[in-house]
Structures are given as structure tokens and as C-alpha cells.
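Participant: Shown below is the structure under consideration.
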Amino acid sequence: MTKKSWLWLSLCLMVSLIAAPVLALPMTVNINSADVETLTSQLKGIGPGKAAEIVKYREKFGPFREVEDIVLVKGIGWKTMEANREVIRLRDDDSALSADGDAAKQMNSGKDASTSDGMKADPS
């Protein structure tokens, strides 16, 4: 390659590195309606197995009420939830995330967030 080609290539690379964060708008994921493929591609640390567990949990227990409830899914912990908190949505029109869900309160207090039959415990 000529010196001019290297210069042009370097300039293009610098522009793309600067523009990439600006152009990469954060995608949000509705965990109450997303399919396995969408969950896998949009959530950090979620592969096909964990994505299938999210769908299975949702089908068995109904929609997630709080973002933190995703930790009730087998194989998903607090670190994964925190890594994805900004992109997780509970409805398609959801603009705000709840940070004080029942599951979070129960998990932080050391109590199990579900009953022996696997259903969510009534916090009252």
C-alpha cells in the first residue's frame, strides 16, 4: 500500500471509532414479549439457554412485574441483571425502570423470592 492509502485508511478508522458510540443507540428489550433470538442478541451474558429459561419462566408465571424479577429465572443472577438494567423494559412503552421490586427486596433481605411451589411469594 502506498503512503496515501495508509493515511486514508487511518483517517477512516479514526472517524469510525469516534462515530461508533454516537451511532450505536442503545436498544431496549421488552423481556415480557421478546423471543429467544432477541433476548440472546440484545442482552449481555444471555445465551440461548438462559434466553429459553426467560421465556419458559414468563410462560409459567406470567409477565415480569419488575426488572429485578429476572433474577428469579434459573441461571440469571444479580450481576447479569445489573449489566442489562438499562436496556430491559417490561412494556413496549416503558420509559422508566423500577429499582425497588418485590424480588429485589426479598433477595436483598436474604429471603427466598418464591414459595415452595415455585410461585412468587406474597410480600404482605
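Every chain in the C-alpha cells takes a letter, A first, then B, and so on in the order presented; its residues are numbered from 1, and the ligands are numbered from 1 following the presented order.
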Among the residues of segment 59-98 of chain A, find those DSSP assigns to alpha helix (DSSP H) from the backbone and print them as JSON, numbers by chain.
Facilitator: {"A": [59, 60, 61, 78, 79, 80, 81, 82, 83, 84]}
Participant: Please provide as a compact mmCIF listing (two decimals) with C-alpha atoms, in the first residue's frame all residues within 12 Å of Asn32 of chain A, with the sequence filter that same-chain residues fewer than 6 positions apart are discarded (counting only C-alpha atoms).
Facilitator:
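So out.txt came out as:
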# COMPACT_ATOMS: atom_id res chain seq x y z
CA THR A 38 -33.91 -11.24 20.54
CA LEU A 39 -33.03 -11.89 24.18
CA ALA A 51 -33.00 -16.85 26.98
CA ILE A 54 -36.63 -16.44 30.50
CA VAL A 55 -39.35 -17.39 28.02
CA LYS A 56 -40.21 -20.55 29.97
CA TYR A 57 -40.44 -18.61 33.24
CA ARG A 58 -42.66 -15.98 31.60
CA GLU A 59 -44.97 -18.64 30.17
CA PHE A 61 -45.61 -17.39 35.90
CA GLY A 62 -46.81 -14.58 33.65
CA PRO A 63 -45.12 -11.28 32.82
CA PHE A 64 -42.28 -9.87 34.86
CA ARG A 65 -43.52 -7.07 37.14
CA GLU A 66 -40.15 -5.53 37.99
CA VAL A 67 -36.82 -5.53 36.17
CA ASP A 69 -37.64 -10.19 38.84
CA ILE A 70 -35.40 -11.52 36.07
CA ILE A 88 -34.53 -4.13 29.96
CA ARG A 89 -38.11 -2.97 29.59
CA LEU A 90 -41.31 -4.51 30.91
CA ARG A 91 -43.65 -2.96 28.33
CA ASP A 92 -43.08 -1.61 24.85
CA ASP A 94 -41.82 1.58 29.28
Participant: Identify which of the residues A:Thr28, A:Ser5, A:Met14, A:Gly75 lies closest to Pro48 of chain A, counting only C-alpha atoms when measuring atom-to-atom distances.
Facilitator: A:Gly75
Participant: Have a look at atom CA of Ile46 of chain A and atom CA of Leu17 of chain A and let me know their distance in Å, one decimal.
Facilitator: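 That distance, rounded to one decimal, is 26.2 Å.
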Participant: May I ask which of the residues A:Met1, A:Ile76, A:Ala83, A:Leu13 is the closest one to Gly47 of chain A, counting only C-alpha atoms?
Facilitator: A:Ile76
Participant: Atom CA of Ala34 of chain A to atom CA of Glu53 of chain A: how many Å, to one decimal?
Facilitator: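 Distance reported for this atom pair: 12.3 Å.
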Participant: Could you tell me how far atom CA of Val36 of chain A sits from atom CA of Gly77 of chain A, in Å to one decimal place?
Facilitator: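 The value is 18.1 Å.
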Participant: Have a look at A:Gly45, A:Asn30, A:Asp93, A:Ser16 and name the one nearest to Trp78 of chain A; count only C-alpha atoms.
Facilitator: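 Ranking A:Gly45, A:Asn30, A:Asp93, A:Ser16 by distance to Trp78 of chain A, first place goes to A:Gly45.
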Participant: Leu43 of chain A: which residues within 8 Å, counting only C-alpha atoms, same-chain residues fewer than 5 positions away excluded, as a PyMOL selection string?
Facilitator: chain A and resi 29+84+87
